[in-house]
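Trainee: Please find one structure pasted underneath; my questions will follow.
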There are 2 protein chains.
Amino acid sequence: MIGDGEAETGPLATSWHSNKFLNPVRDGAVLPILHLNGYKIAGPTVLSRISREELEQLFRGYGYTPYFVEGSDPEDMHQLMAATFDKVFAEIRQIQQDARENGFHSRPRWPMIVLRTPKGWTCPPEVDGNQVEDSWRSHQVPMGKMAENPAHVQLLESWMRSYKPDELFDDTGRLRSQIADLAPKGDRRMGANPHANGGTLLQDLRMPDFREFAVDVSRPGSVTAEATRVQGQFISECMKLNLDAKNFRVFSPDETASNRWNAVFDVTDRCSTAQILPTDDHVSPDGRVMEMLSEHQCQGWLEGYLLTGRHGFFSCYEAFIHIVDSMFNQHAKWLKVCRHIPWRRPIASLNYLLTSHVWRQDHNGFSHQDPGFIDHIVNKKAEIIRVYLPPDANTLLSVTDHCLRSRNYVNVIVAGKQPSPQWLTMDAAVKHCSAGLGIWDWASNDQGGEPDVVMACCGDVPTLETLAAVELLREHVPDLKIRVINVVNLMKLQPQSEHPHGLSDKDFDLLFTTDKPIIFAFHGYPWLIHRLTYRRTNHRNLHVRGYKEEGTTTTSFDMVVLNELDRFHLAGDVVDRAQTIGSEGAYIKQALRDKLIEHKHYIETHGEDMPEIQDWKWKG
Amino acid sequence: MIGDGEAETGPLATSWHSNKFLNPVRDGAVLPILHLNGYKIAGPTVLSRISREELEQLFRGYGYTPYFVEGSDPEDMHQLMAATFDKVFAEIRQIQQDARENGFHSRPRWPMIVLRTPKGWTCPPEVDGNQVEDSWRSHQVPMGKMAENPAHVQLLESWMRSYKPDELFDDTGRLRSQIADLAPKGDRRMGANPHANGGTLLQDLRMPDFREFAVDVSRPGSVTAEATRVQGQFISECMKLNLDAKNFRVFSPDETASNRWNAVFDVTDRCSTAQILPTDDHVSPDGRVMEMLSEHQCQGWLEGYLLTGRHGFFSCYEAFIHIVDSMFNQHAKWLKVCRHIPWRRPIASLNYLLTSHVWRQDHNGFSHQDPGFIDHIVNKKAEIIRVYLPPDANTLLSVTDHCLRSRNYVNVIVAGKQPSPQWLTMDAAVKHCSAGLGIWDWASNDQGGEPDVVMACCGDVPTLETLAAVELLREHVPDLKIRVINVVNLMKLQPQSEHPHGLSDKDFDLLFTTDKPIIFAFHGYPWLIHRLTYRRTNHRNLHVRGYKEEGTTTTSFDMVVLNELDRFHLAGDVVDRAQTIGSEGAYIKQALRDKLIEHKHYIETHGEDMPEIQDWKWKG
């Protein structure tokens with residue numbers, strides 16, 4: 001049922017095209033009923049004020065056969081509606097029977113209904129001399145101030161009596177059994193339909209062992225891989241193992257391949273029941289990859305899929321996931337409320353992969369840079385929000401496995417798709433992800449003593465720059481004791497009182513010290529880290545670098561330079577703050593500054609990053 | 001020009017209906033050209049894979065006459081396009097001439113063009129044996145790795161030569177004059193069109209004196225008013241004074257009346273060129289109130305209106321402004337970049353009124369509660385972001401006047417529409433808004449000494465609860481020295497180094513002290529205040545209350561209770577933290593707790609708030 005008000009919204013206006021993705025052989029049917037009652041809160045609706053001819057053309061153009069049910073006499077309208085239902089149900093069954101007997105041949109023209117009735121149908125025609133029925137005035141409170149206005153009370157009583165309660169209820173006020181018996185029983189009741197409590201239908205995914213997809217990392221930084229491509233191989237195997245169960249789909253605004261999940265196309269296709277051409281790449285009516293260039297549509301499809309007991313994954317360019325901020329809000333609020341309703345069974349988590357992220361928009365520039373979806377989602381209840389920033393492919397695999405097995409959460413994973421150094425073996429990755437954050441001892445040199453500085457990092461690019469800064473510092477101040485901490489699970493930073501994943505204050509103090517400078521390189525807006533940690537003992541010594549809306553189409557290293565998240569700035573931050581560095585600091589800072597000038601000059605001349613940046617490898 | 005990829009997005013799908021708001025008597029014309037080239041990044045587009053018949057019906061249904069320009073031979077296509085332009089320009093002129101001579105009679109059927117050409121038109125048909133022209137492979141980089149592949153270089157050269165550069169350029173590489181002379185001159189050049197640099201066309205609004213709309217406040221809290229209704233009277237007068245200039249419109253998803261701007265309808269109407277019925281309330285083809293139930297559409301219209309040199313105001317339910325998060329991002333990025341391009345003239349600011357806010361969703365509940373748009377916008381560059389939370393009608397008037405006069409900002413105003421106590425005279429309001437925040441001395445009792453506690457508030461409901469808490473404390477601990485600070489301009493809280501409006505650290509320390517507890521009652525999510533103030537001296541003593549996703553359909557006071565922002569919790573927070581309160585604190589806390597229990601019991605029994613809450617007035 002679609003009100004003519006909500007029909008004006010953008011997400012709804014494009015969602016009519018969903019019929020190009022519906023396969024009558026296998027999928028269910030959707031019978032949209034557009035309810036035109038003419039008004040929103042106070043103004044007329046667009047679709048109620050165009051001609052019948054245009055309305056019919058619009059829905060034919062959207063690919064439907066519209067049936068019109070129009071009128072205001074309740075008796076007539078009930079008969080008309082019933083007759084129309086008979087007709088369209090028969091049509092739907094005919095479409096399904098044909099497709100199921102003869103296979104899919106071409107997109108059917110599904111029926112839909114346009115129901116036109118007065119707004120406030122059967123309410124008092126007039127109140128205080130103003131038209132109410134069939135007018136915007138019936139929108140909320142057709143008559144108010146009952147306590148002060150006995151005429152209104154009388155009007156209300158005669159209105160209520162017009163529904164003939166004496167015929168409906170017996171003397172004790174109970175609904176008469178001849179009416180109550182008309183209602184369906186058990187699961188046929190609308191409120192007890194298992195598809196409206198999807199958790200009752202939910203089956204676990206059959207999952208391969210994610211360790212089998214591991215990148216072989218003989219020592220940290222020795223090999224390069226594209227994290228999301230590796231993840232795509234794991235997702236592909238998940239898809240394959242659940243093809244029979246038909247309960248797993250992936251969703252994306254045409255970015256499945258761009259986001260490096262190409263392996264998925266080895267086992268399934270993009271879904272389309274519209275025309276398919278020989279030049280198309282992996283498109284079929286049976287495909288389980290749902291692509292439409294509407295993040296709204298992807299989100300809406302996925303929400304519906306999860307709420308009816310299935311599993312899914314939404315991969316999206318990081319900057320454009322903000323398009324669904326408002327839809328995410330409602331899903332998060334739904335999850336929060338459902339957790340406290342005992343008969344609602346848990347559903348699969350809503351999983352996002354945010355990739356093509358802020359730091360690697362080498363061709364697209366400023367319009368494609370926004371890491372703020374994390375800021376948006378952490379405003380919702382901690383009990384349902386999870387945020388992961390795995391620094392390499394093996395950690396991404398571990399996190400992905402965890403998210404696909406989880407229930408009732410919104411999981412946000414941020415990971416890059418570009419070739420990047422790999423840090424952890426699979427075993428180390430599993431341990432690191434289970435802890436959520438930890439010291440990388442192979443990159444630290446404070447073993448057996450107090451560190452002079454803590455260098456923390458969260459996100460793949462910040463991790464790379466932090467490690468490169470550590471090596472710079474090793475060269476310049478070999479005695480400096482550096483502790484490197486990597487954060488995968490962002491929520492670990494919050495106090496335990498704020499988030500169930502939060503580190504205890506004692507553990508946090510042990511890791512981050514109570515008095516040493518912390519240089520924190522973060523994937524997103526820097527103040528998010530402050531927001532999560534302002535209650536921690538050592539917060540006053542926390543210095544965060546992140547994205548601050550600088551840079552556009554440029555080299556990938558220049559992007560981090562412009563936002564002062566690069567190795568030279570990070571090393572400089574350490575020199576500024578580490579108390580054990582004395583007057584030699586001036587020379588180091590000058591050397592770091594010179595490197596930045598050299599960088600600028602080089603990219604202006606060559607249009608690409610300096611070889612020492614491009615070819616940098618962790619020496620260890 | 002609309003690509004068939006972007007045509008799949010929701011906001012675009014509904015925007016076709018803009019023709020129901022376009023008046024040929026006075027407005028310009030829009031000629032949409034839908035460009036079907038068949039593919040997005042990797043997959044087919046929806047609109048390129050439906051039949052010609054459906055496509056034609058779709059656009060007829062949207063209210064256009066579609067003209068098809070289809071083919072792949074460049075010569076033929078140029079002729080066809082030129083002939084089609086001649087036809088549709090004549091049609092547009094005919095529509096305009098008729099309307100301008102005979103007046104508006106009914107919505108015209110505007111022309112639009114469907115242009116169907118191959119993707120990658122005129123690029124190499126094949127690369128490495130794969131089809132490129134007329135295929136998804138031409139989307140980004142049709143052939144790569146030039147340095148390693150001489151065959152690709154050769155292919156590139158012959159491709160470039162196919163455009164016959166010898167005929168286009170002379171021996172020095174300059175464009176031949178017989179071609180260069182074809183381009184238009186001066187303002188007729190597309191890049192120099194004044195409508196593409198709207199600031200050159202911008203005229204100041206004629207503004208009434210906002211003081212004339214002031215609410216008469218004889219003493220703080222003595223009168224009640226609906227802030228946005230008062231603002232609406234001011235907006236209405238602005239509308240009236242600029243009717244001749246035709247450069248001011250207001251935008252809303254059908255909430256202009258609900259948000260209490262009814263006075264606007266005394267001078268203009270809702271705009272519609274679709275069918276209008278006698279029951280409609282202030283709807284006409286000349287109306288300057290743009291209402292469509294699509295926040296996307298309102299935002300898009302307003303952006304276009306501002307960018308072409310006009311003024312506007314967008315009023316929206318607070319929770320649903322998140323729908324345009326992503327569109328706001330792009331406008332903010334545009335403004336940031338334009339500030340540093342000298343020939344781009346400043347445009348009018350994008351003004352939002354966010355009302356029907358989180359604290360007063362008495363009927364709508366949890367789905368309508370989200371104060372997080374502020375969190376979203378403060379991630380963008382400080383130089384263009386302004387956020388105001390005026391506590392009453394007179395401060396709202398002052399802020400509104402300021403925003404309408406400003407340039408190149410995004411101004412967000414959060415204000416309630418419910419009857420609320422009024423605090424400041426117009427003179428005091430102007431001073432308070434100019435400062436952005438300040439001590440309310442009439443509510444404070446620390447004059448001539450140090451306060452024991454600072455009670456800060458930001459937003460209308462938190463201000464009310466703070467003042468009620470102050471009175472409770474006066475009763476229980478009359479000797480306690482309380483300083484009350486109200487914040488209108490949220491950005492004052494940030495350090496000067498972070499935002500141009502930021503208070504200096506010295507001023508901040510003077511106001512908020514360096515060592516006394518601060519109880520901060522905030523309209524939005526509490527951690528935003530921490531994010532803005534974590535660098536301030538006294539941050540460690542800052543305790544913030546705000547919305548934490550609790551509560552749903554309930555009484556308005558219960559909403560603040562559920563989020564612990566109510567007077568009793570605030571007073572309790574003071575008792576917990578003020579060092580001058582000794583063992584008597586236990587008795588006070590118990591009395592406060594008992595009140596909360598009383599409240600719960602009362603609302604369960606009566607369905608409305610206790611009389612002492614409903615009728616509370618500041619005694620002073």
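For the structure tokens, the naming scheme is as follows: chains receive sequential letters (A, B, ...) according to their order of presentation, residues are indexed from 1 within each chain, and ligands are indexed from 1 in presentation order.
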Using the chain letters and numbers from this document, which residues of stretch 55-285 of chain B does DSSP assign to alpha helix (DSSP H), as number ranges by chain?

Mentor: B: 55-61, 74-102, 150-161, 165-168, 177-180, 227-241

Trainee: At a cut-off of 6 Å, can you tabulate as a tab-separated table every residue of chain A near chain B together with its closest atom pair and the distance in Å to one decimal, using only C-alpha atoms and ordering rows by chain then number?

Mentor:
residue	atom	partner	partner_atom	distance
A:Glu8	CA	B:Leu293	CA	5.5
A:Thr9	CA	B:Ser294	CA	4.5
A:Gly10	CA	B:Gly10	CA	3.9
A:Pro11	CA	B:Gly10	CA	4.2
A:Ala13	CA	B:Thr14	CA	5.3
A:Thr14	CA	B:Gly10	CA	4.9
A:Arg49	CA	B:Gln275	CA	5.0
A:Glu54	CA	B:Gly61	CA	4.3
A:Leu55	CA	B:Gly61	CA	5.8
A:Gln57	CA	B:Gly61	CA	4.6
A:Leu58	CA	B:Gly61	CA	3.7
A:Gly61	CA	B:Leu58	CA	3.7
A:Ala274	CA	B:Arg49	CA	5.8
A:Gln275	CA	B:Arg49	CA	5.0
A:Leu293	CA	B:Glu8	CA	5.4
A:Ser294	CA	B:Thr9	CA	4.5
A:His322	CA	B:Ser326	CA	5.2
A:Ile323	CA	B:Ser326	CA	5.2
A:Ser326	CA	B:Ile323	CA	5.1
A:Arg531	CA	B:Arg531	CA	5.3

Trainee: Based on the backbone DSSP call, show me all residues of stretch 273-372 of chain A assigned strand (DSSP E or B), as a list in words.

Mentor: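 Secondary structure check on stretch 273-372 of chain A, strand (DSSP E or B): Val283, Ser284, Val289, Met290, Glu291, His311, Gly312, Phe313, Phe314, Ser315, Cys316, Tyr317, Ala348, Leu350, Asn351, Tyr352, Leu353, Leu354 and Thr355 of chain A.
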
Trainee: Using N, CA, C and O atoms, can you write the selected residues to a file as a PDB file, in the first residue's frame?

Mentor:
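See out21.pdb below for the written result:
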ATOM      1  N   VAL A 283      24.860 -11.144 -16.915  1.00  0.00           N
ATOM      2  CA  VAL A 283      23.522 -10.663 -16.573  1.00  0.00           C
ATOM      3  C   VAL A 283      22.540 -11.769 -16.923  1.00  0.00           C
ATOM      4  O   VAL A 283      22.591 -12.312 -18.024  1.00  0.00           O
ATOM      5  N   SER A 284      21.675 -12.119 -15.991  1.00  0.00           N
ATOM      6  CA  SER A 284      20.659 -13.134 -16.292  1.00  0.00           C
ATOM      7  C   SER A 284      19.488 -12.974 -15.336  1.00  0.00           C
ATOM      8  O   SER A 284      19.629 -12.389 -14.261  1.00  0.00           O
ATOM      9  N   VAL A 289      23.087 -11.148  -7.923  1.00  0.00           N
ATOM     10  CA  VAL A 289      23.749  -9.861  -7.666  1.00  0.00           C
ATOM     11  C   VAL A 289      22.773  -8.769  -8.074  1.00  0.00           C
ATOM     12  O   VAL A 289      22.408  -8.661  -9.247  1.00  0.00           O
ATOM     13  N   MET A 290      22.328  -7.987  -7.105  1.00  0.00           N
ATOM     14  CA  MET A 290      21.298  -6.981  -7.347  1.00  0.00           C
ATOM     15  C   MET A 290      21.967  -5.622  -7.535  1.00  0.00           C
ATOM     16  O   MET A 290      22.484  -5.043  -6.587  1.00  0.00           O
ATOM     17  N   GLU A 291      21.954  -5.132  -8.767  1.00  0.00           N
ATOM     18  CA  GLU A 291      22.608  -3.859  -9.054  1.00  0.00           C
ATOM     19  C   GLU A 291      21.620  -2.892  -9.693  1.00  0.00           C
ATOM     20  O   GLU A 291      21.047  -3.167 -10.744  1.00  0.00           O
ATOM     21  N   HIS A 311      19.870 -13.454   3.988  1.00  0.00           N
ATOM     22  CA  HIS A 311      21.177 -12.868   4.275  1.00  0.00           C
ATOM     23  C   HIS A 311      21.649 -12.017   3.102  1.00  0.00           C
ATOM     24  O   HIS A 311      21.363 -12.348   1.950  1.00  0.00           O
ATOM     25  N   GLY A 312      22.423 -10.976   3.378  1.00  0.00           N
ATOM     26  CA  GLY A 312      22.918 -10.165   2.276  1.00  0.00           C
ATOM     27  C   GLY A 312      24.083  -9.291   2.656  1.00  0.00           C
ATOM     28  O   GLY A 312      24.459  -9.185   3.836  1.00  0.00           O
ATOM     29  N   PHE A 313      24.667  -8.677   1.632  1.00  0.00           N
ATOM     30  CA  PHE A 313      25.833  -7.805   1.814  1.00  0.00           C
ATOM     31  C   PHE A 313      25.691  -6.659   0.828  1.00  0.00           C
ATOM     32  O   PHE A 313      25.363  -6.871  -0.337  1.00  0.00           O
ATOM     33  N   PHE A 314      25.924  -5.458   1.293  1.00  0.00           N
ATOM     34  CA  PHE A 314      25.787  -4.260   0.462  1.00  0.00           C
ATOM     35  C   PHE A 314      27.190  -3.683   0.292  1.00  0.00           C
ATOM     36  O   PHE A 314      27.811  -3.298   1.271  1.00  0.00           O
ATOM     37  N   SER A 315      27.703  -3.640  -0.931  1.00  0.00           N
ATOM     38  CA  SER A 315      29.002  -2.994  -1.145  1.00  0.00           C
ATOM     39  C   SER A 315      28.769  -1.656  -1.838  1.00  0.00           C
ATOM     40  O   SER A 315      27.977  -1.559  -2.778  1.00  0.00           O
ATOM     41  N   CYS A 316      29.462  -0.630  -1.352  1.00  0.00           N
ATOM     42  CA  CYS A 316      29.158   0.730  -1.787  1.00  0.00           C
ATOM     43  C   CYS A 316      30.412   1.588  -1.732  1.00  0.00           C
ATOM     44  O   CYS A 316      31.291   1.366  -0.909  1.00  0.00           O
ATOM     45  N   TYR A 317      30.481   2.563  -2.640  1.00  0.00           N
ATOM     46  CA  TYR A 317      31.502   3.585  -2.508  1.00  0.00           C
ATOM     47  C   TYR A 317      31.275   4.284  -1.166  1.00  0.00           C
ATOM     48  O   TYR A 317      30.143   4.635  -0.823  1.00  0.00           O
ATOM     49  N   ALA A 348      19.294 -11.668  10.325  1.00  0.00           N
ATOM     50  CA  ALA A 348      20.694 -11.507   9.922  1.00  0.00           C
ATOM     51  C   ALA A 348      21.057 -10.020   9.976  1.00  0.00           C
ATOM     52  O   ALA A 348      20.217  -9.151   9.755  1.00  0.00           O
ATOM     53  N   LEU A 350      22.686  -6.387   9.016  1.00  0.00           N
ATOM     54  CA  LEU A 350      22.809  -5.607   7.785  1.00  0.00           C
ATOM     55  C   LEU A 350      24.294  -5.283   7.615  1.00  0.00           C
ATOM     56  O   LEU A 350      24.869  -4.544   8.425  1.00  0.00           O
ATOM     57  N   ASN A 351      24.913  -5.870   6.588  1.00  0.00           N
ATOM     58  CA  ASN A 351      26.359  -5.748   6.395  1.00  0.00           C
ATOM     59  C   ASN A 351      26.693  -4.787   5.268  1.00  0.00           C
ATOM     60  O   ASN A 351      26.208  -4.945   4.152  1.00  0.00           O
ATOM     61  N   TYR A 352      27.529  -3.803   5.589  1.00  0.00           N
ATOM     62  CA  TYR A 352      28.023  -2.867   4.571  1.00  0.00           C
ATOM     63  C   TYR A 352      29.519  -3.085   4.363  1.00  0.00           C
ATOM     64  O   TYR A 352      30.273  -3.129   5.345  1.00  0.00           O
ATOM     65  N   LEU A 353      29.943  -3.178   3.111  1.00  0.00           N
ATOM     66  CA  LEU A 353      31.352  -2.966   2.784  1.00  0.00           C
ATOM     67  C   LEU A 353      31.452  -1.578   2.174  1.00  0.00           C
ATOM     68  O   LEU A 353      30.863  -1.323   1.120  1.00  0.00           O
ATOM     69  N   LEU A 354      32.180  -0.678   2.839  1.00  0.00           N
ATOM     70  CA  LEU A 354      32.431   0.644   2.259  1.00  0.00           C
ATOM     71  C   LEU A 354      33.837   0.639   1.696  1.00  0.00           C
ATOM     72  O   LEU A 354      34.816   0.494   2.431  1.00  0.00           O
ATOM     73  N   THR A 355      33.925   0.796   0.385  1.00  0.00           N
ATOM     74  CA  THR A 355      35.244   0.753  -0.229  1.00  0.00           C
ATOM     75  C   THR A 355      35.334   1.876  -1.255  1.00  0.00           C
ATOM     76  O   THR A 355      34.516   2.787  -1.232  1.00  0.00           O
TER      77      THR A 355
END

Trainee: Which residues are near stretch 91-104 of chain A? Cut-off 8 Å, only C-alpha atoms, ignore same chain within fewer than 5 positions. Put them as a PyMOL selection string.

Mentor: chain A and resi 23-26+29+110-111+285

Trainee: I'd like the contact shell of B:Ser349 - 6 Å cut-off, only C-alpha atoms, skipping same-chain residues fewer than 4 positions apart - returned as a PDB file with C-alpha atoms, in the first residue's frame.

Mentor:
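Once written, selection.pdb looks like this:
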ATOM      1  CA  SER B 406      24.500  36.095   4.915  1.00  0.00           C
ATOM      2  CA  ARG B 407      26.319  34.698   1.884  1.00  0.00           C
ATOM      3  CA  ASN B 408      28.050  31.418   0.999  1.00  0.00           C
ATOM      4  CA  TYR B 409      27.106  29.607   4.216  1.00  0.00           C
ATOM      5  CA  VAL B 410      24.968  26.701   5.137  1.00  0.00           C
TER       6      VAL B 410
END

Trainee: As a list in words, please: the residues near A:Val223 (cut-off 7 Å, only C-alpha atoms, same-chain neighbours under 3 positions excluded).

Mentor: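 Listed by chain and then number, they are Val217, Pro421 and Gln422 of chain A.
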
Trainee: Excluding same-chain residues fewer than 4 positions from stretch 603-608 of chain A, what lies within 10 Å of it counting only C-alpha atoms, as a VMD selection string?

Mentor: chain A and resid 554 to 558 598 to 599 613 to 614

Trainee: Take the residues from that selection and put them in a file with C-alpha atoms, as a short mmCIF file (atom, residue, chain, number, x, y, z; two decimals), in the first residue's frame.

Mentor:
data_model
loop_
_atom_site.label_atom_id
_atom_site.label_comp_id
_atom_site.auth_asym_id
_atom_site.auth_seq_id
_atom_site.Cartn_x
_atom_site.Cartn_y
_atom_site.Cartn_z
CA THR A 554 45.81 14.13 -7.06
CA THR A 555 48.27 11.33 -6.33
CA SER A 556 47.36 8.92 -3.57
CA PHE A 557 50.26 10.01 -1.39
CA ASP A 558 49.48 13.69 -1.92
CA GLU A 598 60.60 17.31 -2.52
CA HIS A 599 57.32 15.41 -2.80
CA ILE A 613 56.94 6.37 -1.79
CA GLN A 614 55.61 4.07 -4.51
#

Trainee: Atom CA of B:Ser356 and atom CA of B:Ala456, how far apart in Å?

Mentor: 23.0 Å

Trainee: What lies within 8 Å of B:Ala225 using only C-alpha atoms, ignoring chain neighbours under 6 positions off, as a PyMOL selection string?

Mentor: chain B and resi 215+393+418-422

Trainee: Which of these, A:Arg345, A:Lys87, A:His357, A:Lys617, has the shortest distance to A:Thr308 once you count only C-alpha atoms?

Mentor: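 Of the candidates, the smallest distance to A:Thr308 is held by A:Arg345.
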
Trainee: Which of these residues is nearest to B:Asp441, using only C-alpha atoms: B:Leu570, B:Ile482, B:Leu464, B:Ile581?

Mentor: B:Ile482

Trainee: If you measure from atom CA of A:Met77 to atom CA of A:Ala192, what distance in Å do you get, rounded to one decimal?

Mentor: 27.5 Å

Trainee: Could you jot down the atom CA of A:Thr172 to atom CA of A:Met190 separation for me, Å, one decimal place?

Mentor: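 About the pair atom CA of A:Thr172 and atom CA of A:Met190: they are 26.3 Å apart.
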